[in-house]
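Below: my_file_3.txt (compact mmCIF, C-alpha atoms)
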```
# COMPACT_ATOMS: atom_id res chain seq x y z
CA VAL A 1 -29.26 24.83 -14.29
CA ILE A 2 -27.43 27.53 -12.33
CA ALA A 3 -27.11 31.15 -13.44
CA ARG A 4 -23.97 33.06 -12.44
CA LEU A 5 -23.61 36.79 -12.89
CA ARG A 6 -20.08 37.67 -13.96
CA PRO A 7 -18.01 38.81 -10.96
CA LYS A 8 -16.61 42.33 -11.02
CA GLY A 9 -13.15 42.64 -12.53
CA VAL A 10 -13.36 39.33 -14.42
CA CYS A 11 -12.73 39.29 -18.19
CA GLY A 12 -12.10 43.04 -18.20
CA GLY A 13 -15.57 43.71 -16.81
CA ARG A 14 -16.62 47.34 -17.08
CA ASP A 15 -17.70 47.68 -13.47
CA THR A 16 -19.04 51.24 -13.71
CA ALA A 17 -21.37 50.60 -16.67
CA PRO A 18 -25.16 50.52 -16.02
CA CYS A 19 -26.57 47.11 -15.16
CA SER A 20 -29.67 45.48 -16.64
CA LEU A 21 -29.55 42.14 -14.79
CA GLN A 22 -30.05 41.76 -11.06
CA PRO A 23 -30.68 38.80 -8.76
CA TYR A 24 -34.28 38.83 -7.53
CA ASP A 25 -33.92 36.05 -4.99
CA LYS A 26 -31.80 32.92 -4.51
CA TYR A 27 -33.40 31.20 -7.50
CA THR A 28 -34.46 34.08 -9.74
CA CYS A 29 -32.75 36.79 -11.76
CA GLU A 30 -34.46 39.81 -13.26
CA LEU A 31 -33.49 41.23 -16.66
CA LYS A 32 -34.54 44.63 -17.96
CA VAL A 33 -34.92 44.45 -21.74
CA SER A 34 -34.79 47.78 -23.57
CA ALA A 35 -37.73 48.66 -25.84
CA ARG A 36 -35.44 50.65 -28.14
CA GLY A 37 -35.56 49.37 -31.69
CA HIS A 38 -39.27 48.47 -31.56
CA ASN A 39 -41.63 50.27 -33.91
CA ALA A 40 -43.95 51.51 -31.19
CA SER A 41 -42.53 54.70 -29.67
CA ASN A 42 -44.65 54.42 -26.53
CA GLN A 43 -43.28 51.03 -25.45
CA GLU A 44 -41.56 50.87 -22.09
CA ASP A 45 -38.63 48.71 -21.07
CA GLU A 46 -39.72 45.16 -20.26
CA THR A 47 -38.64 43.29 -17.14
CA ARG A 48 -38.32 39.52 -17.39
CA ARG A 49 -37.70 37.01 -14.64
CA TYR A 50 -35.84 33.74 -15.07
CA GLU A 51 -35.96 30.97 -12.47
CA PHE A 52 -33.24 28.33 -12.12
CA ASP A 53 -31.96 25.92 -9.47
CA ALA A 54 -29.79 28.78 -8.19
CA CYS A 55 -29.00 32.36 -9.16
CA LEU A 56 -25.53 33.49 -8.04
CA PRO A 57 -24.97 37.27 -7.80
CA GLU A 58 -21.80 39.16 -8.78
CA GLY A 59 -20.29 38.89 -5.32
CA THR A 60 -20.43 35.07 -5.23
CA THR A 61 -17.01 33.59 -4.48
CA GLN A 62 -15.50 30.61 -6.27
CA GLU A 63 -15.88 28.58 -3.07
CA GLN A 64 -19.58 29.44 -2.90
CA VAL A 65 -20.03 28.35 -6.52
CA TYR A 66 -18.45 25.01 -5.69
CA ASP A 67 -20.75 24.60 -2.70
CA GLU A 68 -23.61 24.59 -5.20
CA VAL A 69 -22.11 21.94 -7.49
CA GLY A 70 -19.73 19.87 -5.33
CA ASP A 71 -22.21 17.03 -4.84
CA VAL A 72 -21.84 16.02 -8.49
CA VAL A 73 -18.24 14.92 -7.86
CA GLN A 74 -19.41 12.47 -5.24
CA SER A 75 -21.88 11.12 -7.78
CA ALA A 76 -19.00 10.26 -10.13
CA LEU A 77 -17.25 8.41 -7.31
CA ASP A 78 -20.51 6.60 -6.59
CA GLY A 79 -20.55 5.24 -10.15
CA TYR A 80 -22.54 7.77 -12.15
CA LYS A 81 -21.71 9.68 -15.31
CA VAL A 82 -21.64 13.37 -14.49
CA CYS A 83 -21.29 16.45 -16.69
CA VAL A 84 -20.86 20.12 -15.78
CA PHE A 85 -20.75 22.60 -18.64
CA ALA A 86 -20.44 26.38 -18.82
CA TYR A 87 -22.36 28.39 -21.41
CA GLY A 88 -22.52 32.10 -22.17
CA GLN A 89 -21.40 34.94 -24.37
CA THR A 90 -17.77 35.86 -24.92
CA GLY A 91 -16.36 37.50 -21.79
CA SER A 92 -19.09 36.32 -19.41
CA GLY A 93 -16.69 34.46 -17.09
CA LYS A 94 -17.03 30.82 -18.20
CA THR A 95 -13.33 29.93 -17.97
CA HIS A 96 -13.10 31.85 -14.68
CA THR A 97 -15.90 29.65 -13.32
CA MET A 98 -14.58 26.36 -14.68
CA VAL A 99 -10.81 26.82 -14.24
CA GLY A 100 -10.23 30.06 -12.33
CA SER A 101 -6.80 31.32 -11.31
CA ASP A 102 -4.17 30.63 -8.66
CA ASP A 103 -5.80 33.23 -6.40
CA ALA A 104 -9.36 32.17 -7.17
CA PRO A 105 -9.41 28.48 -8.23
CA GLY A 106 -12.50 27.40 -10.14
CA LEU A 107 -14.41 24.14 -10.38
CA LEU A 108 -11.64 22.04 -11.94
CA PRO A 109 -9.03 22.28 -9.16
CA ARG A 110 -11.71 21.94 -6.50
CA CYS A 111 -13.17 18.86 -8.23
CA ALA A 112 -9.70 17.33 -8.44
CA ARG A 113 -9.06 17.84 -4.72
CA GLN A 114 -12.42 16.34 -3.78
CA MET A 115 -12.07 13.37 -6.12
CA PHE A 116 -8.77 12.26 -4.62
CA ALA A 117 -10.04 12.88 -1.12
CA GLY A 118 -12.55 10.14 -1.85
CA GLY A 119 -15.56 12.44 -1.64
CA ASP A 120 -17.93 11.50 1.16
CA SER A 121 -16.51 7.99 1.51
CA LYS A 122 -12.76 7.59 1.96
CA GLY A 123 -10.95 5.24 -0.35
CA CYS A 124 -8.38 4.85 -3.09
CA VAL A 125 -9.11 6.82 -6.26
CA THR A 126 -7.49 6.52 -9.68
CA VAL A 127 -8.41 8.89 -12.51
CA ARG A 128 -7.76 8.37 -16.21
CA CYS A 129 -8.05 11.66 -18.07
CA GLN A 130 -8.52 12.77 -21.65
CA ILE A 131 -8.51 16.45 -22.66
CA PHE A 132 -9.68 17.85 -25.98
CA GLU A 133 -10.43 21.11 -27.68
CA LEU A 134 -12.88 21.45 -30.53
CA TYR A 135 -11.38 24.09 -32.80
CA GLN A 136 -13.36 25.01 -35.93
CA ASP A 137 -15.09 21.62 -35.59
CA ASN A 138 -11.74 19.81 -35.59
CA LEU A 139 -11.14 17.62 -32.56
CA VAL A 140 -7.67 18.21 -31.11
CA ASP A 141 -6.08 15.95 -28.48
CA LEU A 142 -4.37 18.32 -26.02
CA LEU A 143 -2.55 15.39 -24.38
CA ALA A 144 -1.05 14.05 -27.61
CA PRO A 145 2.70 14.55 -28.13
CA ALA A 146 3.38 18.04 -29.46
CA ASP A 147 5.24 16.61 -32.45
CA GLY A 148 2.38 14.27 -33.34
CA GLY A 149 1.19 16.61 -36.09
CA SER A 150 -2.12 16.42 -37.89
CA GLU A 151 -1.85 12.65 -38.33
CA SER A 152 -2.56 11.93 -34.66
CA THR A 153 -5.51 14.35 -34.70
CA SER A 154 -6.99 12.77 -37.84
CA LYS A 155 -7.16 9.39 -36.08
CA LEU A 156 -9.54 10.69 -33.42
CA THR A 157 -13.11 9.48 -33.76
CA VAL A 158 -16.05 10.04 -31.42
CA GLN A 159 -17.67 6.71 -30.57
CA HIS A 160 -21.05 5.99 -28.98
CA GLU A 161 -21.76 2.65 -27.33
CA PRO A 162 -25.51 2.01 -27.75
CA CYS A 163 -25.70 -0.65 -25.01
CA THR A 164 -24.22 1.55 -22.26
CA GLY A 165 -24.82 5.01 -23.72
CA ASP A 166 -21.13 5.81 -23.17
CA VAL A 167 -19.33 8.33 -25.37
CA PHE A 168 -15.57 8.03 -25.80
CA VAL A 169 -12.87 9.16 -28.22
CA LYS A 170 -11.02 6.38 -30.00
CA SER A 171 -7.21 6.68 -30.38
CA ALA A 172 -6.98 9.52 -27.81
CA GLU A 173 -4.09 9.83 -25.38
CA THR A 174 -5.01 8.84 -21.83
CA VAL A 175 -3.04 9.84 -18.74
CA THR A 176 -3.56 8.03 -15.42
CA CYS A 177 -3.23 10.04 -12.20
CA THR A 178 -3.31 8.97 -8.57
CA ASP A 179 -3.27 12.38 -6.88
CA ALA A 180 -4.72 15.85 -7.46
CA ASP A 181 -1.41 17.65 -8.06
CA ALA A 182 -0.50 15.26 -10.87
CA LEU A 183 -3.91 15.68 -12.48
CA LEU A 184 -3.79 19.48 -12.28
CA ASP A 185 -0.29 19.50 -13.74
CA VAL A 186 -1.53 17.46 -16.70
CA CYS A 187 -4.42 19.90 -17.17
CA LYS A 188 -2.14 22.94 -16.98
CA LYS A 189 0.10 21.60 -19.73
CA ALA A 190 -2.94 20.83 -21.89
CA PHE A 191 -4.41 24.31 -21.39
CA SER A 192 -1.21 25.94 -22.64
CA ARG A 193 -2.03 24.50 -26.07
CA ARG A 194 -5.62 25.78 -26.20
CA ALA A 195 -6.50 28.36 -28.86
CA THR A 196 -7.15 31.85 -27.45
CA ALA A 197 -7.15 35.33 -29.00
CA SER A 198 -8.08 38.91 -28.25
CA THR A 199 -11.45 40.33 -29.32
CA LYS A 200 -13.25 43.58 -28.50
CA MET A 201 -15.31 41.70 -25.91
CA ASN A 202 -12.50 39.79 -24.18
CA ALA A 203 -8.73 40.31 -24.15
CA GLU A 204 -8.15 36.53 -23.91
CA SER A 205 -11.14 34.92 -25.56
CA SER A 206 -11.29 31.12 -25.85
CA ARG A 207 -11.61 30.27 -29.54
CA SER A 208 -12.41 26.61 -28.98
CA HIS A 209 -14.62 24.38 -26.86
CA LEU A 210 -12.67 22.64 -24.09
CA MET A 211 -13.68 19.20 -22.84
CA LEU A 212 -12.11 17.26 -19.98
CA MET A 213 -13.12 13.62 -19.46
CA PHE A 214 -12.19 12.02 -16.14
CA PHE A 215 -12.83 8.28 -15.78
CA THR A 216 -12.81 7.43 -12.08
CA GLU A 217 -12.09 4.18 -10.26
CA HIS A 218 -12.97 4.29 -6.57
CA VAL A 219 -11.98 1.48 -4.21
CA ALA A 220 -13.74 2.05 -0.88
CA HIS A 221 -11.76 1.39 2.30
CA ASN A 222 -12.74 -1.70 4.30
CA VAL A 223 -15.27 -2.65 1.64
CA ASN A 224 -14.69 -5.09 -1.20
CA ASN A 225 -16.31 -2.71 -3.67
CA VAL A 226 -15.02 -0.90 -6.78
CA THR A 227 -17.10 1.73 -8.57
CA TYR A 228 -16.42 3.27 -11.96
CA GLY A 229 -17.69 6.72 -12.88
CA LYS A 230 -17.12 9.52 -15.36
CA LEU A 231 -16.87 13.26 -14.76
CA THR A 232 -16.94 15.53 -17.82
CA LEU A 233 -16.19 19.24 -17.55
CA VAL A 234 -16.95 21.41 -20.58
CA ASP A 235 -15.90 25.04 -21.06
CA LEU A 236 -17.81 26.09 -24.17
CA ALA A 237 -16.41 28.85 -26.35
CA GLY A 238 -18.44 32.03 -26.08
CA SER A 239 -21.41 32.74 -28.29
CA GLU A 240 -20.85 36.11 -29.92
CA ARG A 241 -22.14 38.61 -32.41
CA VAL A 242 -19.41 39.07 -34.98
CA LYS A 243 -20.04 42.81 -35.36
CA LYS A 244 -19.77 43.39 -31.62
CA SER A 245 -16.67 41.24 -31.08
CA GLY A 246 -14.87 42.81 -34.04
CA ALA A 247 -13.87 39.41 -35.43
CA GLU A 248 -11.93 39.50 -38.71
CA GLY A 249 -9.87 37.03 -40.72
CA ASP A 250 -9.06 33.93 -38.63
CA ARG A 251 -11.12 35.31 -35.75
CA LEU A 252 -14.13 35.54 -38.06
CA ASP A 253 -13.73 31.91 -39.18
CA GLU A 254 -13.44 30.87 -35.53
CA ALA A 255 -16.55 32.83 -34.55
CA ARG A 256 -18.58 31.26 -37.35
CA ALA A 257 -17.48 27.75 -36.33
CA ILE A 258 -18.26 28.46 -32.66
CA ASN A 259 -21.72 29.83 -33.44
CA GLN A 260 -22.46 26.94 -35.82
CA SER A 261 -21.62 24.29 -33.20
CA LEU A 262 -23.61 26.12 -30.51
CA SER A 263 -26.53 26.30 -32.94
CA ALA A 264 -26.29 22.52 -33.40
CA LEU A 265 -26.33 22.15 -29.62
CA GLY A 266 -29.45 24.31 -29.56
CA ASP A 267 -31.10 22.05 -32.14
CA VAL A 268 -30.43 19.03 -29.90
CA VAL A 269 -31.92 20.81 -26.88
CA SER A 270 -34.96 21.84 -28.93
CA ALA A 271 -35.54 18.29 -30.17
CA LEU A 272 -35.21 16.87 -26.66
CA THR A 273 -37.64 19.34 -25.10
CA LYS A 274 -40.20 18.66 -27.86
CA GLY A 275 -39.89 14.90 -27.39
CA GLU A 276 -38.93 14.29 -31.02
CA LYS A 277 -37.96 10.77 -32.04
CA HIS A 278 -34.86 11.88 -33.96
CA ILE A 279 -32.29 13.85 -31.97
CA PRO A 280 -29.68 15.46 -34.30
CA TYR A 281 -26.58 14.50 -32.31
CA ARG A 282 -24.65 13.75 -35.51
CA ASN A 283 -24.87 17.30 -36.85
CA SER A 284 -21.76 18.46 -34.98
CA ARG A 285 -18.77 16.96 -33.21
CA LEU A 286 -19.75 18.99 -30.15
CA THR A 287 -23.17 17.33 -29.93
CA LYS A 288 -21.61 13.92 -30.59
CA LEU A 289 -19.27 14.48 -27.63
CA MET A 290 -22.10 15.65 -25.35
CA ARG A 291 -24.53 12.90 -26.36
CA ASP A 292 -24.39 11.08 -23.02
CA SER A 293 -24.77 14.39 -21.14
CA LEU A 294 -27.84 15.82 -22.90
CA GLY A 295 -30.74 13.40 -22.98
CA GLY A 296 -28.41 10.57 -22.02
CA GLN A 297 -27.71 8.78 -18.75
CA ALA A 298 -25.57 11.41 -17.01
CA LYS A 299 -26.30 13.76 -14.15
CA THR A 300 -25.82 17.06 -15.95
CA LEU A 301 -25.44 20.58 -14.60
CA MET A 302 -25.37 23.68 -16.80
CA ILE A 303 -23.86 26.91 -15.50
CA VAL A 304 -25.07 29.80 -17.62
CA ASN A 305 -22.62 32.68 -17.22
CA VAL A 306 -24.09 36.10 -17.95
CA SER A 307 -22.98 39.70 -18.00
CA PRO A 308 -25.09 42.04 -15.83
CA LEU A 309 -24.37 45.09 -18.01
CA GLY A 310 -27.07 46.89 -19.99
CA GLU A 311 -24.92 46.98 -23.14
CA ASP A 312 -24.87 43.15 -23.07
CA SER A 313 -28.59 42.71 -22.36
CA SER A 314 -29.38 41.25 -25.79
CA GLU A 315 -26.73 38.51 -25.44
CA THR A 316 -27.74 37.97 -21.80
CA LYS A 317 -31.38 37.48 -22.82
CA ASN A 318 -30.35 34.92 -25.45
CA SER A 319 -28.24 33.01 -22.89
CA LEU A 320 -31.01 32.98 -20.27
CA ASP A 321 -33.64 31.91 -22.83
CA TYR A 322 -31.33 29.09 -23.91
CA ALA A 323 -30.72 27.99 -20.31
CA SER A 324 -34.48 27.96 -19.70
CA ARG A 325 -34.87 25.47 -22.56
CA VAL A 326 -32.00 23.31 -21.30
CA LYS A 327 -33.72 23.15 -17.91
CA LEU A 328 -36.59 21.27 -19.54
CA VAL A 329 -34.33 18.42 -20.78
CA THR A 330 -34.69 15.19 -18.80
CA ASN A 331 -31.88 12.61 -18.57
CA ASP A 332 -32.34 8.93 -17.78
CA VAL A 333 -29.74 8.70 -15.00
CA VAL A 334 -28.25 5.26 -14.30
CA LYS A 335 -25.09 3.96 -12.64
CA LYS A 336 -22.24 2.75 -14.82
```

Representation of the structure as structure tokens:
Amino acid sequence: VIARLRPKGVCGGRDTAPCSLQPYDKYTCELKVSARGHNASNQEDETRRYEFDACLPEGTTQEQVYDEVGDVVQSALDGYKVCVFAYGQTGSGKTHTMVGSDDAPGLLPRCARQMFAGGDSKGCVTVRCQIFELYQDNLVDLLAPADGGSESTSKLTVQHEPCTGDVFVKSAETVTCTDADALLDVCKKAFSRRATASTKMNAESSRSHLMLMFFTEHVAHNVNNVTYGKLTLVDLAGSERVKKSGAEGDRLDEARAINQSLSALGDVVSALTKGEKHIPYRNSRLTKLMRDSLGGQAKTLMIVNVSPLGEDSSETKNSLDYASRVKLVTNDVVKK
């Protein structure tokens, strides 16, 4: 688990507002939690420390973020299932971290470049990609023909292969790419169809969970060896308090669906950390899709994106507490 403090100027960040979250060292962040609202009038603000595999301060560049996670791409080329997912409140910088912009590319374009460079071992790489959004618990194929209508979406089913632990989506469109530019062009077209809207917390808030599945085939040079891997990138929609985000009408329905699916994800994490026999993966399409990433056989990295501002301290505390629980989950990592 890596914690990233939202960079200044991202998602309309209010850079002059007082901060409650600060990096303590390379692995630890320190959150000041206000005592206001407690019954005891003599209580002082509480300072809590959270330790992760890395804590990235506001000034961390996109390149420096990738330096922390780039090794996972090589793992996919080496034949492992790999998942990187971003979690955090609305407006905390998740999409900035995962996708970025032309001026500050995020993990996706950097992963694409490294994959087709062959990672640490040169070779020929082919990537089959599937891209979905989970909107109000409806799975939408962002690569399906635009005129496919609801019929093509209704055919999508999330399948789990018990023998291999693999998760895949039946009847989904698959696009094969042999270079990074082609892959990024496919992703760009898919993103243009993703549901976004303005809320009080973010002018362009993602109203759906985004999931990219890349199935890799790596033929090493001068070696008669082919490895198959899977890299999954997940940009989760932001957890939010409806009152604070000002959600109404369709936005309110979206917020409720987002919070419900994230709650289901939390139930899975709770069951895994407690060692329960029954893990409630079937309670949500989101948890069905992430079954091989949480408690499965994948190498999984969570990036918890948090706002450093005092006015967001309650949501930041919830995100950091959640990330601390995820850190306790153990996967049984195996090669494909």

Report the centre and edge lengths, in Å to one decimal, of an axis-aligned box enclosing every atom of stretch 296-301 of chain A listed in the file, padded by 4 Å on each side, as JSON.
```
{"center_x": -26.9, "center_y": 14.7, "center_z": -18.1, "size_x": 11.0, "size_y": 19.8, "size_z": 15.9}
```

So which residues touch stretch 289-301 of chain A within 9 Å, counting all atoms listed in the file, skipping near sequence neighbours fewer than 5 positions away, as a count of residues only? 38

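Atom CA of A:Gly70 lies 21.0 Å from atom CA of A:Gly88.
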
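The residue set within 10 Å of A:Ser324, counting only C-alpha atoms and dropping same-chain residues fewer than 3 places from it, reads A:Val1, A:Tyr50, A:Glu51, A:Phe52, A:Val304, A:Asn318, A:Ser319, A:Leu320, A:Asp321, A:Lys327, A:Leu328, A:Val329.
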
9 Å contact set for A:Arg194, all atoms listed in the file, chain neighbours under 4 positions out, as a PyMOL selection string: chain A and resi 132-133+135+142+190+206-208+210

Write the residues of the selection above to a file with C-alpha atoms, as a PDB file, in the coordinates of the input.
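Saved as selection.pdb:
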```pdb
ATOM      1  CA  PHE A 132      -9.680  17.850 -25.980  1.00  0.00           C
ATOM      2  CA  GLU A 133     -10.430  21.110 -27.680  1.00  0.00           C
ATOM      3  CA  TYR A 135     -11.380  24.090 -32.800  1.00  0.00           C
ATOM      4  CA  LEU A 142      -4.370  18.320 -26.020  1.00  0.00           C
ATOM      5  CA  ALA A 190      -2.940  20.830 -21.890  1.00  0.00           C
ATOM      6  CA  SER A 206     -11.290  31.120 -25.850  1.00  0.00           C
ATOM      7  CA  ARG A 207     -11.610  30.270 -29.540  1.00  0.00           C
ATOM      8  CA  SER A 208     -12.410  26.610 -28.980  1.00  0.00           C
ATOM      9  CA  LEU A 210     -12.670  22.640 -24.090  1.00  0.00           C
TER      10      LEU A 210
END
```

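Taking atom CA of A:Ala323 and atom CA of A:Leu77 as endpoints, the distance between them is 27.1 Å.
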
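In this model, the gap between atom CA of A:Ser192 and atom CA of A:Leu143 comes to 10.8 Å.
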
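The residue that comes closest to A:Arg256, out of A:Asp25, A:Asp137, A:Asp78, A:Asp103 and on the basis of all atoms listed in the file, is A:Asp137.
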
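Nearest residue to A:Cys129, choosing from A:Thr287, A:Thr157, A:Thr174, A:Ser239 and counting all atoms listed in the file: A:Thr174.
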
As a ChimeraX atom specification, please: the residues near A:Val73 (cut-off 8 Å, only C-alpha atoms, same-chain neighbours under 4 positions excluded). /A:77,82,111,114-115,119,231

With C-alpha atoms kept, could you save the residues just selected as a PDB file, keeping the file's coordinate frame?
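Saved file selection.pdb follows:
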```pdb
ATOM      1  CA  LEU A  77     -17.250   8.410  -7.310  1.00  0.00           C
ATOM      2  CA  VAL A  82     -21.640  13.370 -14.490  1.00  0.00           C
ATOM      3  CA  CYS A 111     -13.170  18.860  -8.230  1.00  0.00           C
ATOM      4  CA  GLN A 114     -12.420  16.340  -3.780  1.00  0.00           C
ATOM      5  CA  MET A 115     -12.070  13.370  -6.120  1.00  0.00           C
ATOM      6  CA  GLY A 119     -15.560  12.440  -1.640  1.00  0.00           C
ATOM      7  CA  LEU A 231     -16.870  13.260 -14.760  1.00  0.00           C
TER       8      LEU A 231
END
```

If you count all atoms listed in the file, which residues fall within 8 Å of A:Ser92, apart from same-chain ones fewer than 5 positions away, as a count of residues only? 7

So which residues are close to (-7.6, 13.0, -4.2), meaning at most 9 Å away in the file's coordinates with all atoms listed in the file counted, and can you show them as a PDB file with C-alpha atoms, keeping the file's coordinate frame?
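As a result, result24.pdb now contains:
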```pdb
ATOM      1  CA  ALA A 112      -9.700  17.330  -8.440  1.00  0.00           C
ATOM      2  CA  ARG A 113      -9.060  17.840  -4.720  1.00  0.00           C
ATOM      3  CA  GLN A 114     -12.420  16.340  -3.780  1.00  0.00           C
ATOM      4  CA  MET A 115     -12.070  13.370  -6.120  1.00  0.00           C
ATOM      5  CA  PHE A 116      -8.770  12.260  -4.620  1.00  0.00           C
ATOM      6  CA  ALA A 117     -10.040  12.880  -1.120  1.00  0.00           C
ATOM      7  CA  GLY A 118     -12.550  10.140  -1.850  1.00  0.00           C
ATOM      8  CA  GLY A 119     -15.560  12.440  -1.640  1.00  0.00           C
ATOM      9  CA  CYS A 124      -8.380   4.850  -3.090  1.00  0.00           C
ATOM     10  CA  VAL A 125      -9.110   6.820  -6.260  1.00  0.00           C
ATOM     11  CA  THR A 126      -7.490   6.520  -9.680  1.00  0.00           C
ATOM     12  CA  THR A 178      -3.310   8.970  -8.570  1.00  0.00           C
ATOM     13  CA  ASP A 179      -3.270  12.380  -6.880  1.00  0.00           C
ATOM     14  CA  ALA A 180      -4.720  15.850  -7.460  1.00  0.00           C
ATOM     15  CA  ASP A 181      -1.410  17.650  -8.060  1.00  0.00           C
TER      16      ASP A 181
END
```

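Take the candidates A:Val234, A:Leu183, A:Glu276, A:Gln136 and check each one against A:Asp253 using all atoms listed in the file; the shortest distance goes to A:Gln136.
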
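Comparing the minimum interatomic distances between A:Thr316 and each of A:Thr61, A:Pro280, A:Gln89, A:Ala54, counting all atoms listed in the file, we find that A:Gln89 sits nearest.
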
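Minimum distance to A:Gln22 across A:Gly59, A:Ala3, A:Ser314, A:Pro308 (counting all atoms listed in the file) occurs at A:Pro308.
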
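Once all atoms listed in the file are considered, the residues situated within 7 Å of the file point (-12.4, 9.7, -17.6) turn out to be Val127, Arg128, Cys129, Gln130, Met213, Phe214, Phe215, Thr216, Lys230 and Leu231 of chain A.
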